[in-house]
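This is target-v1.cif. It holds mmCIF, C-alpha atoms.
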```
data_my_file
loop_
_atom_site.label_atom_id
_atom_site.label_comp_id
_atom_site.auth_asym_id
_atom_site.auth_seq_id
_atom_site.Cartn_x
_atom_site.Cartn_y
_atom_site.Cartn_z
CA MET A 912 -5.32 37.53 20.20
CA THR A 913 -6.17 37.14 23.88
CA LEU A 914 -9.59 35.60 24.47
CA THR A 915 -11.91 36.84 27.19
CA ALA A 916 -13.04 34.41 29.88
CA ARG A 917 -16.41 34.02 28.13
CA GLU A 918 -14.77 33.44 24.75
CA GLN A 919 -12.62 30.71 26.28
CA ARG A 920 -15.41 28.85 28.02
CA ILE A 921 -17.75 29.08 25.00
CA GLN A 922 -15.29 27.47 22.56
CA TRP A 923 -16.55 23.90 22.93
CA PHE A 924 -20.14 25.11 22.59
CA ASN A 925 -19.40 26.93 19.32
CA HIS A 926 -17.72 23.76 18.05
CA ASP A 927 -20.24 21.10 19.06
CA ARG A 928 -23.37 22.84 17.70
CA PHE A 929 -25.95 20.10 18.44
CA GLY A 930 -27.41 19.06 21.78
CA MET A 931 -30.32 17.18 23.36
CA PHE A 932 -32.85 18.91 25.60
CA ILE A 933 -34.75 16.64 28.00
CA HIS A 934 -37.98 17.76 29.70
CA TRP A 935 -39.16 15.22 32.23
CA GLY A 936 -41.03 15.27 35.50
CA LEU A 937 -44.34 14.52 37.19
CA TYR A 938 -46.19 16.07 34.24
CA ALA A 939 -45.30 12.98 32.20
CA ILE A 940 -48.09 11.15 34.07
CA PRO A 941 -51.04 13.40 33.10
CA ALA A 942 -49.27 13.50 29.71
CA ARG A 943 -50.72 16.84 28.64
CA GLY A 944 -47.50 18.82 28.53
CA GLU A 945 -45.21 20.41 31.11
CA TRP A 946 -47.48 23.43 31.73
CA VAL A 947 -50.49 21.30 32.70
CA ARG A 948 -50.63 22.65 36.28
CA SER A 949 -50.76 26.24 35.06
CA PHE A 950 -53.08 25.76 32.09
CA GLU A 951 -55.60 23.71 34.09
CA ARG A 952 -55.08 25.62 37.36
CA ILE A 953 -54.49 22.39 39.26
CA PRO A 954 -54.14 22.85 43.05
CA VAL A 955 -51.06 21.39 44.67
CA GLU A 956 -53.26 18.90 46.55
CA ASP A 957 -54.68 17.50 43.30
CA TYR A 958 -51.22 17.35 41.71
CA GLU A 959 -49.94 15.33 44.67
CA LYS A 960 -51.31 12.08 43.21
CA TYR A 961 -48.64 12.26 40.52
CA PHE A 962 -45.93 12.64 43.15
CA ASN A 963 -47.27 9.62 45.01
CA SER A 964 -47.29 7.43 41.89
CA PHE A 965 -44.16 8.60 40.06
CA ASN A 966 -42.24 5.41 39.28
CA PRO A 967 -40.40 5.38 35.93
CA VAL A 968 -39.63 1.69 35.91
CA ASN A 969 -37.98 1.79 32.47
CA TYR A 970 -35.73 4.80 33.10
CA ASP A 971 -32.40 3.99 31.49
CA PRO A 972 -30.26 7.10 31.06
CA LYS A 973 -27.52 4.99 29.46
CA ALA A 974 -29.92 4.27 26.60
CA TRP A 975 -30.82 7.97 26.39
CA ALA A 976 -27.14 8.89 26.19
CA LYS A 977 -26.48 6.33 23.47
CA ALA A 978 -29.44 7.68 21.46
CA ALA A 979 -28.14 11.24 21.80
CA LYS A 980 -24.64 10.25 20.75
CA ALA A 981 -25.92 8.21 17.80
CA ALA A 982 -27.93 11.26 16.67
CA GLY A 983 -24.72 13.28 16.47
CA MET A 984 -25.43 15.30 19.59
CA LYS A 985 -22.44 16.39 21.66
CA TYR A 986 -24.10 17.65 24.84
CA ALA A 987 -27.37 17.47 26.74
CA VAL A 988 -29.45 19.62 29.08
CA MET A 989 -31.98 17.95 31.40
CA THR A 990 -34.60 19.40 33.70
CA THR A 991 -33.51 19.14 37.33
CA LYS A 992 -36.59 21.12 38.43
CA HIS A 993 -39.32 22.51 36.21
CA HIS A 994 -41.90 25.18 37.08
CA ASP A 995 -43.99 22.75 39.12
CA GLY A 996 -41.14 22.67 41.67
CA PHE A 997 -40.60 18.90 41.58
CA CYS A 998 -36.91 17.99 41.82
CA LEU A 999 -35.44 15.06 39.94
CA PHE A 1000 -32.32 15.38 42.10
CA ASP A 1001 -31.78 14.57 45.77
CA SER A 1002 -31.93 18.10 47.19
CA ALA A 1003 -31.41 18.47 50.93
CA LEU A 1004 -33.61 21.58 50.86
CA THR A 1005 -36.95 19.98 50.03
CA ASP A 1006 -38.95 16.80 50.41
CA TYR A 1007 -40.53 17.39 46.98
CA LYS A 1008 -38.07 15.22 45.09
CA ALA A 1009 -37.72 11.97 43.20
CA THR A 1010 -36.05 10.14 46.07
CA ASN A 1011 -39.28 10.48 48.07
CA THR A 1012 -41.48 9.04 45.29
CA PRO A 1013 -41.83 5.35 44.43
CA ALA A 1014 -38.87 5.95 42.06
CA GLY A 1015 -36.65 6.27 45.15
CA ARG A 1016 -33.64 7.38 43.07
CA ASP A 1017 -31.58 10.46 42.31
CA LEU A 1018 -32.47 10.54 38.63
CA ILE A 1019 -30.15 13.45 37.86
CA ARG A 1020 -27.08 11.70 39.22
CA GLU A 1021 -27.80 8.74 36.96
CA TYR A 1022 -28.30 11.06 33.98
CA ALA A 1023 -25.03 12.92 34.59
CA ASP A 1024 -23.04 9.71 35.01
CA ALA A 1025 -24.53 8.08 31.92
CA PHE A 1026 -24.02 11.01 29.57
CA ARG A 1027 -20.47 11.63 30.74
CA ALA A 1028 -19.70 7.95 30.16
CA GLU A 1029 -20.67 8.44 26.49
CA GLY A 1030 -18.36 11.44 26.21
CA LEU A 1031 -21.20 13.97 26.13
CA LYS A 1032 -21.12 17.24 28.01
CA VAL A 1033 -23.68 17.58 30.79
CA GLY A 1034 -26.09 20.45 31.28
CA PHE A 1035 -28.69 21.15 33.96
CA TYR A 1036 -31.95 23.00 33.35
CA TYR A 1037 -33.24 24.71 36.48
CA SER A 1038 -36.48 26.67 36.71
CA ILE A 1039 -36.17 29.83 38.78
CA ILE A 1040 -39.98 29.76 38.87
CA ASP A 1041 -41.61 27.47 41.42
CA TRP A 1042 -45.34 26.77 41.71
CA HIS A 1043 -44.88 24.46 44.70
CA HIS A 1044 -42.81 26.60 47.06
CA PRO A 1045 -45.05 28.50 49.55
CA ASP A 1046 -42.98 31.68 49.28
CA TYR A 1047 -43.22 32.00 45.50
CA PRO A 1048 -45.82 34.63 44.44
CA ALA A 1049 -49.10 33.01 43.46
CA TYR A 1050 -52.16 35.27 43.35
CA GLY A 1051 -51.91 37.82 40.54
CA ASP A 1052 -48.86 36.18 38.99
CA ARG A 1053 -48.90 35.78 35.22
CA GLN A 1054 -48.83 31.98 35.19
CA HIS A 1055 -49.02 30.48 38.69
CA PRO A 1056 -51.77 27.82 38.86
CA MET A 1057 -53.39 29.73 41.74
CA ARG A 1058 -53.15 33.15 40.06
CA ASP A 1059 -56.93 33.63 40.14
CA ASN A 1060 -57.64 31.85 43.44
CA ALA A 1061 -58.76 34.44 46.01
CA GLU A 1062 -57.68 32.15 48.85
CA PHE A 1063 -54.09 32.99 47.92
CA LYS A 1064 -54.63 36.75 47.79
CA ASP A 1065 -53.50 37.50 51.33
CA ARG A 1066 -51.35 34.46 51.90
CA PRO A 1067 -48.21 35.43 53.86
CA GLN A 1068 -44.99 34.83 51.99
CA ASP A 1069 -41.33 35.77 52.18
CA PHE A 1070 -39.75 35.97 48.74
CA ASN A 1071 -36.25 36.26 50.23
CA ARG A 1072 -36.82 32.87 51.81
CA TYR A 1073 -37.62 31.51 48.35
CA LEU A 1074 -34.45 33.11 46.94
CA ASP A 1075 -32.37 31.44 49.67
CA TYR A 1076 -33.95 28.14 48.65
CA MET A 1077 -33.36 28.71 44.93
CA HIS A 1078 -29.75 29.83 45.39
CA GLY A 1079 -29.18 26.91 47.73
CA GLN A 1080 -30.41 24.40 45.15
CA VAL A 1081 -28.18 25.88 42.46
CA LYS A 1082 -25.27 25.49 44.86
CA GLU A 1083 -26.20 21.83 45.40
CA LEU A 1084 -26.33 21.18 41.66
CA LEU A 1085 -22.90 22.72 41.13
CA THR A 1086 -21.36 21.01 44.16
CA ASN A 1087 -22.69 17.46 44.20
CA TYR A 1088 -22.64 16.31 40.56
CA GLY A 1089 -19.14 16.91 39.23
CA THR A 1090 -18.31 19.25 36.36
CA ILE A 1091 -21.41 20.82 34.86
CA ASP A 1092 -21.01 22.27 31.38
CA VAL A 1093 -24.27 24.21 30.99
CA LEU A 1094 -26.60 25.80 33.53
CA TRP A 1095 -29.83 26.56 31.71
CA PHE A 1096 -32.09 28.85 33.75
CA ASP A 1097 -35.75 29.35 32.86
CA PHE A 1098 -37.07 32.11 32.96
CA SER A 1099 -37.54 35.83 33.73
CA TYR A 1100 -40.73 37.78 32.98
CA GLU A 1101 -42.29 41.16 33.77
CA ASP A 1102 -40.67 42.46 37.01
CA MET A 1103 -39.44 38.96 37.88
CA THR A 1104 -36.06 39.52 36.28
CA GLY A 1105 -32.44 40.39 36.97
CA GLU A 1106 -31.85 41.52 40.54
CA LYS A 1107 -35.31 40.30 41.55
CA TRP A 1108 -33.54 36.93 41.59
CA LYS A 1109 -30.43 38.47 43.26
CA ALA A 1110 -28.85 37.55 39.97
CA THR A 1111 -25.47 39.21 40.50
CA GLU A 1112 -25.01 37.38 43.79
CA LEU A 1113 -26.17 34.13 42.20
CA VAL A 1114 -23.79 34.34 39.24
CA LYS A 1115 -20.84 35.27 41.46
CA MET A 1116 -21.51 32.12 43.49
CA ILE A 1117 -21.79 30.06 40.30
CA ARG A 1118 -18.48 31.38 38.97
CA GLU A 1119 -16.76 30.60 42.28
CA LEU A 1120 -18.03 27.03 42.21
CA GLN A 1121 -17.65 26.27 38.50
CA PRO A 1122 -16.00 29.12 36.58
CA ASN A 1123 -16.32 27.43 33.19
CA VAL A 1124 -20.00 26.52 33.27
CA LEU A 1125 -22.02 28.19 30.51
CA ILE A 1126 -25.11 30.14 31.59
CA ASP A 1127 -28.01 31.04 29.30
CA ASN A 1128 -29.51 34.53 29.17
CA ARG A 1129 -32.79 33.92 31.04
CA LEU A 1130 -31.86 35.40 34.40
CA GLY A 1131 -32.40 38.77 32.75
CA GLY A 1132 -30.13 41.56 31.61
CA ASN A 1133 -29.17 42.49 28.07
CA ILE A 1134 -26.77 40.05 26.47
CA LYS A 1135 -26.65 42.28 23.38
CA ALA A 1136 -25.22 45.26 25.28
CA ARG A 1137 -21.67 46.44 24.71
CA GLU A 1138 -21.04 45.79 28.39
CA PRO A 1139 -23.69 43.27 29.49
CA GLU A 1140 -24.56 42.63 33.12
CA ILE A 1141 -22.68 39.86 34.89
CA TYR A 1142 -25.88 37.80 34.81
CA ALA A 1143 -26.78 38.49 31.15
CA GLY A 1144 -25.45 35.07 30.14
CA ASP A 1145 -22.90 33.42 27.88
CA PHE A 1146 -25.33 32.67 25.06
CA ALA A 1147 -28.76 33.74 23.83
CA SER A 1148 -31.60 31.20 23.83
CA PRO A 1149 -34.26 31.82 21.17
CA GLU A 1150 -37.16 29.40 21.63
CA GLN A 1151 -39.11 27.67 18.87
CA LEU A 1152 -37.69 29.94 16.18
CA LEU A 1153 -34.51 30.29 14.15
CA PRO A 1154 -33.37 33.94 14.10
CA PRO A 1155 -33.59 35.34 10.55
CA HIS A 1156 -30.05 36.71 10.60
CA GLY A 1157 -28.39 35.12 13.59
CA ILE A 1158 -27.81 37.18 16.74
CA VAL A 1159 -25.34 40.05 17.16
CA ASN A 1160 -24.63 42.59 19.88
CA GLU A 1161 -25.14 46.33 19.55
CA ASP A 1162 -21.74 46.62 17.85
CA GLY A 1163 -22.73 44.03 15.24
CA LYS A 1164 -20.45 41.34 16.66
CA PRO A 1165 -21.86 37.79 16.46
CA LEU A 1166 -23.07 36.39 19.77
CA PRO A 1167 -23.20 32.72 20.71
CA TRP A 1168 -26.76 31.44 20.55
CA GLU A 1169 -28.73 28.24 20.73
CA ALA A 1170 -32.24 27.67 19.38
CA CYS A 1171 -34.21 25.35 21.65
CA ILE A 1172 -36.69 23.41 19.54
CA THR A 1173 -39.31 20.74 20.25
CA LEU A 1174 -39.77 17.69 18.05
CA ASN A 1175 -43.57 17.95 18.30
CA HIS A 1176 -45.50 20.85 19.91
CA HIS A 1177 -44.69 20.21 23.57
CA TRP A 1178 -41.60 20.08 25.76
CA GLY A 1179 -42.91 17.56 28.26
CA TYR A 1180 -44.57 14.31 27.21
CA HIS A 1181 -47.97 14.69 25.57
CA ALA A 1182 -49.65 11.40 24.79
CA HIS A 1183 -51.76 12.74 21.91
CA ASP A 1184 -49.27 15.07 20.22
CA ARG A 1185 -47.94 13.00 17.34
CA ASP A 1186 -47.26 15.91 14.98
CA TYR A 1187 -43.51 15.44 14.74
CA LYS A 1188 -40.98 17.31 12.66
CA THR A 1189 -39.42 15.16 9.97
CA PRO A 1190 -35.74 14.22 10.01
CA LYS A 1191 -35.31 16.43 6.93
CA GLN A 1192 -36.73 19.42 8.83
CA VAL A 1193 -34.39 18.79 11.74
CA VAL A 1194 -31.31 18.44 9.53
CA ARG A 1195 -32.14 21.58 7.59
CA GLY A 1196 -32.93 23.48 10.77
CA LEU A 1197 -29.62 22.47 12.30
CA VAL A 1198 -27.77 23.58 9.17
CA GLU A 1199 -29.62 26.90 9.24
CA CYS A 1200 -28.52 27.45 12.84
CA VAL A 1201 -24.87 26.70 12.08
CA SER A 1202 -24.96 28.88 8.95
CA LYS A 1203 -25.85 31.77 11.27
CA ASN A 1204 -23.26 30.93 13.97
CA GLY A 1205 -25.81 29.17 16.17
CA ASN A 1206 -26.54 25.84 17.84
CA MET A 1207 -29.64 23.67 18.03
CA LEU A 1208 -30.86 22.13 21.29
CA LEU A 1209 -33.45 19.56 20.22
CA ASN A 1210 -35.95 18.37 22.81
CA VAL A 1211 -37.30 14.97 23.77
CA GLY A 1212 -40.02 14.45 26.38
CA PRO A 1213 -39.80 11.00 28.03
CA ASN A 1214 -43.01 9.35 29.20
CA ALA A 1215 -44.07 8.35 32.71
CA LYS A 1216 -42.21 5.05 32.43
CA GLY A 1217 -38.98 6.87 31.62
CA GLU A 1218 -38.91 6.06 27.91
CA ILE A 1219 -38.11 8.46 25.09
CA PRO A 1220 -41.06 8.04 22.68
CA GLN A 1221 -40.33 5.81 19.71
CA LEU A 1222 -41.39 8.55 17.29
CA SER A 1223 -38.65 10.75 18.74
CA LEU A 1224 -36.09 7.95 18.54
CA ASP A 1225 -37.03 7.31 14.90
CA VAL A 1226 -36.35 10.93 13.97
CA LEU A 1227 -33.10 10.99 15.94
CA GLY A 1228 -31.97 7.82 14.21
CA GLU A 1229 -32.34 9.29 10.71
CA VAL A 1230 -30.73 12.56 11.76
CA GLY A 1231 -27.85 10.55 13.17
CA ALA A 1232 -27.34 8.70 9.90
CA TRP A 1233 -27.06 12.03 8.06
CA MET A 1234 -24.70 13.41 10.71
CA ARG A 1235 -22.36 10.42 10.49
CA ALA A 1236 -21.89 11.15 6.79
CA ASN A 1237 -21.97 14.94 6.93
CA GLY A 1238 -21.03 15.99 10.46
CA ASP A 1239 -17.87 17.73 9.26
CA SER A 1240 -20.13 20.44 7.81
CA ILE A 1241 -21.59 21.04 11.30
CA TYR A 1242 -18.94 20.52 13.98
CA GLY A 1243 -16.54 23.44 14.28
CA CYS A 1244 -18.34 25.30 11.52
CA GLY A 1245 -20.03 28.67 11.43
CA ALA A 1246 -21.23 31.31 9.02
CA ALA A 1247 -19.42 31.76 5.71
CA ALA A 1248 -18.35 35.11 4.31
CA LEU A 1249 -20.82 34.65 1.47
CA SER A 1250 -24.46 35.60 1.04
CA LYS A 1251 -27.10 32.90 1.37
CA PRO A 1252 -27.43 31.21 -2.05
CA GLU A 1253 -30.82 30.61 -3.60
CA TRP A 1254 -30.29 26.82 -3.67
CA GLY A 1255 -29.42 26.31 0.00
CA ARG A 1256 -26.90 27.43 2.62
CA TYR A 1257 -23.20 27.60 3.40
CA THR A 1258 -21.25 26.65 6.48
CA GLN A 1259 -17.50 27.09 6.78
CA LYS A 1260 -14.51 25.91 8.80
CA GLY A 1261 -11.17 27.42 7.81
CA ASN A 1262 -10.54 26.77 4.12
CA LYS A 1263 -13.33 24.19 3.98
CA LEU A 1264 -16.55 25.66 2.61
CA TYR A 1265 -19.63 23.45 2.73
CA ALA A 1266 -22.36 23.99 0.17
CA HIS A 1267 -25.61 22.56 1.51
CA ILE A 1268 -27.66 21.93 -1.64
CA LEU A 1269 -31.34 21.85 -0.73
CA ASP A 1270 -32.89 22.68 -4.12
CA ARG A 1271 -31.70 20.80 -7.21
CA GLY A 1272 -33.11 23.22 -9.77
CA ILE A 1273 -32.28 22.61 -13.44
CA GLY A 1274 -28.84 22.49 -14.95
CA PRO A 1275 -25.56 23.22 -13.13
CA ILE A 1276 -25.71 24.82 -9.69
CA ALA A 1277 -24.18 28.29 -9.64
CA LEU A 1278 -21.98 29.41 -6.72
CA GLN A 1279 -21.42 33.15 -6.90
CA GLY A 1280 -18.06 34.64 -6.00
CA LEU A 1281 -16.15 31.35 -6.06
CA ASN A 1282 -14.72 31.11 -9.57
CA GLY A 1283 -10.98 30.61 -9.28
CA ARG A 1284 -11.08 30.13 -5.52
CA VAL A 1285 -11.75 26.38 -5.27
CA LYS A 1286 -9.00 23.75 -5.39
CA GLU A 1287 -11.23 20.71 -5.02
CA ALA A 1288 -14.90 19.76 -4.71
CA ARG A 1289 -16.17 16.51 -3.25
CA LEU A 1290 -19.40 15.06 -1.95
CA LEU A 1291 -18.93 15.09 1.80
CA ALA A 1292 -20.93 11.91 2.33
CA ASP A 1293 -18.65 9.61 0.32
CA GLY A 1294 -15.69 11.71 -0.83
CA ALA A 1295 -16.63 11.40 -4.52
CA GLU A 1296 -15.24 14.13 -6.75
CA VAL A 1297 -17.76 16.70 -7.96
CA ASN A 1298 -17.34 18.23 -11.40
CA ILE A 1299 -16.93 22.01 -11.26
CA GLN A 1300 -16.22 22.69 -14.91
CA THR A 1301 -17.65 25.92 -16.34
CA PRO A 1302 -20.28 25.20 -19.02
CA TRP A 1303 -19.46 26.41 -22.55
CA ASN A 1304 -22.40 28.83 -22.50
CA ALA A 1305 -21.66 30.46 -19.11
CA VAL A 1306 -19.21 33.08 -20.38
CA ASP A 1307 -21.52 35.85 -19.18
CA TYR A 1308 -21.07 34.75 -15.54
CA PRO A 1309 -17.34 35.05 -14.86
CA ASP A 1310 -17.79 35.37 -11.10
CA TYR A 1311 -19.57 32.03 -10.74
CA LEU A 1312 -18.35 28.52 -10.03
CA PHE A 1313 -20.63 25.87 -11.55
CA VAL A 1314 -21.29 22.54 -9.85
CA ASN A 1315 -22.35 19.90 -12.35
CA ILE A 1316 -24.53 17.22 -10.74
CA PRO A 1317 -25.12 14.50 -13.36
CA THR A 1318 -28.53 13.42 -12.04
CA ALA A 1319 -31.97 14.98 -12.14
CA GLN A 1320 -32.36 14.44 -8.40
CA LEU A 1321 -29.98 15.29 -5.58
CA PRO A 1322 -27.94 12.40 -4.15
CA ASP A 1323 -29.38 13.20 -0.69
CA ASP A 1324 -32.89 14.61 -0.52
CA PHE A 1325 -32.35 15.83 3.06
CA ASN A 1326 -29.33 17.93 2.20
CA THR A 1327 -26.57 17.16 -0.28
CA VAL A 1328 -23.32 18.58 1.07
CA ILE A 1329 -20.42 19.48 -1.21
CA GLU A 1330 -17.11 20.14 0.51
CA LEU A 1331 -15.16 22.84 -1.31
CA THR A 1332 -11.48 23.24 -0.49
CA LEU A 1333 -10.62 26.88 -0.98
CA GLU A 1334 -7.37 28.39 -2.17
CA ASP A 1335 -7.96 30.94 0.58
CA ALA A 1336 -10.30 31.39 3.54
CA GLU A 1337 -11.48 34.96 3.03
#
```
In structure tokens, how does this file's structure come out?
Amino acid sequence: MTLTAREQRIQWFNHDRFGMFIHWGLYAIPARGEWVRSFERIPVEDYEKYFNSFNPVNYDPKAWAKAAKAAGMKYAVMTTKHHDGFCLFDSALTDYKATNTPAGRDLIREYADAFRAEGLKVGFYYSIIDWHHPDYPAYGDRQHPMRDNAEFKDRPQDFNRYLDYMHGQVKELLTNYGTIDVLWFDFSYEDMTGEKWKATELVKMIRELQPNVLIDNRLGGNIKAREPEIYAGDFASPEQLLPPHGIVNEDGKPLPWEACITLNHHWGYHAHDRDYKTPKQVVRGLVECVSKNGNMLLNVGPNAKGEIPQLSLDVLGEVGAWMRANGDSIYGCGAAALSKPEWGRYTQKGNKLYAHILDRGIGPIALQGLNGRVKEARLLADGAEVNIQTPWNAVDYPDYLFVNIPTAQLPDDFNTVIELTLEDAE
């Protein structure tokens, strides 16, 4: 079977399944989240103090990359410019960049080099929204910090000039930093979508510069269409939710997708948000994504000193321990041709079916539709054989395979994975 260009470039993405999202910028200093300028309607003059004092003295992207790798992540996506317009990279098109702050460094170049050195694929987040650029619509916009400020009502602006700037920065990112694996745009809304961004022209330029880079679906368009627009993206990007049934196009064919998820309630650093997801939640969420042919992009928000918060690192550490033992049930896996069982979920890779046991229940665990199809069953974590003998009193359930766990509790409370080697891979 001949693969399309998109199917070819998406192969690594569908294999790797787990990535790190990094939201970082000036907003780490006020430490009230990445939307602080919009929510608090902060004028650019008042926000300037953060530009003048931005100096992440402990920024060590090599440590970030090692933490991502140890967590079992295979790729990363980092903010090069968020909605506030501040650039972490050394753009020739603006003075509003990290090299002109006390940091005095191209922070994106260091990130790209460090993550590549750990064997991780490198992605760039780029906001197509810009609250700093004078030609981006302000008054009356849905979220611009000056949306209600009458002084901006009749301000002259040239949106085409902004588009030239935005396209020019994308060209810089794809020209000056080596091979980029993901270009993660954020985001379209209302009439600010599709060709408003000159999206066809933009994507044609991107494909000329780096034909294999993956693009998300936030430039606009309909990725679910039978014949999607050129700018509709390579993968869908649900945010803060896991789709109930995965994502398919209008013909019912599975589409690549990636759920972007925060560890607490904010993308950027928030000093008082300590309500973190547990490692168990993260593991089970990742498994749910893979069981529906999806990925998880899990976010960290470094602080003003350039440190990933310890609470985030603690969660990543425990997730990484589980992944080291059970990663085979994630990497290269996707949905199984079986309904979701009541005790957990399935993932599958060829003739390897992975039963993710989340609920111990009482007695043997019943796997419908698998009787006579399984050659071998082992705990994935340690390779120990799992007994799959049919109980004497289960004659009324001929379609079921029964897994006999000899303990009242599951071996792994996060997620006990049983690797089933199938006679076939239907």
Taking the file above as input, evaluate the PyMOL selection byres ((chain A and resi 1038) around 10) and report the hits as a PyMOL selection string.
chain A and resi 990-996+1035-1037+1039-1041+1077+1095-1099+1129
Please provide the set of residues having any atom within 7 Å of A:Cys1244, restricted to only C-alpha atoms, with same-chain residues fewer than 6 positions apart removed, written as a CSV table (one decimal) with C-alpha atoms, in the coordinates of the input.
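Produced file result_11.csv, reproduced below:
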```
chain,number,residue,atom,x,y,z
A,926,HIS,CA,-17.7,23.8,18.0
A,1201,VAL,CA,-24.9,26.7,12.1
A,1258,THR,CA,-21.2,26.6,6.5
A,1259,GLN,CA,-17.5,27.1,6.8
A,1260,LYS,CA,-14.5,25.9,8.8
```
Exactly which residues make up the result of the PyMOL selection byres ((chain A and resi 1067) around 12) on this file, given as a PyMOL selection string?
chain A and resi 1045-1050+1062-1066+1068-1070+1072
When the PyMOL selection byres ((chain A and resi 1268-1284) around 8) is applied to the structure above, which residues does it catch, written out as a ChimeraX atom specification?
/A:1249,1252,1254-1256,1266-1267,1285-1286,1309-1316,1319-1321,1324-1329,1333-1335
Which of these, A:Ile1241, A:Val1081, A:Ile1134, A:Val968, has the shortest distance to A:Lys1164 once you count all atoms listed in the file?
A:Ile1134
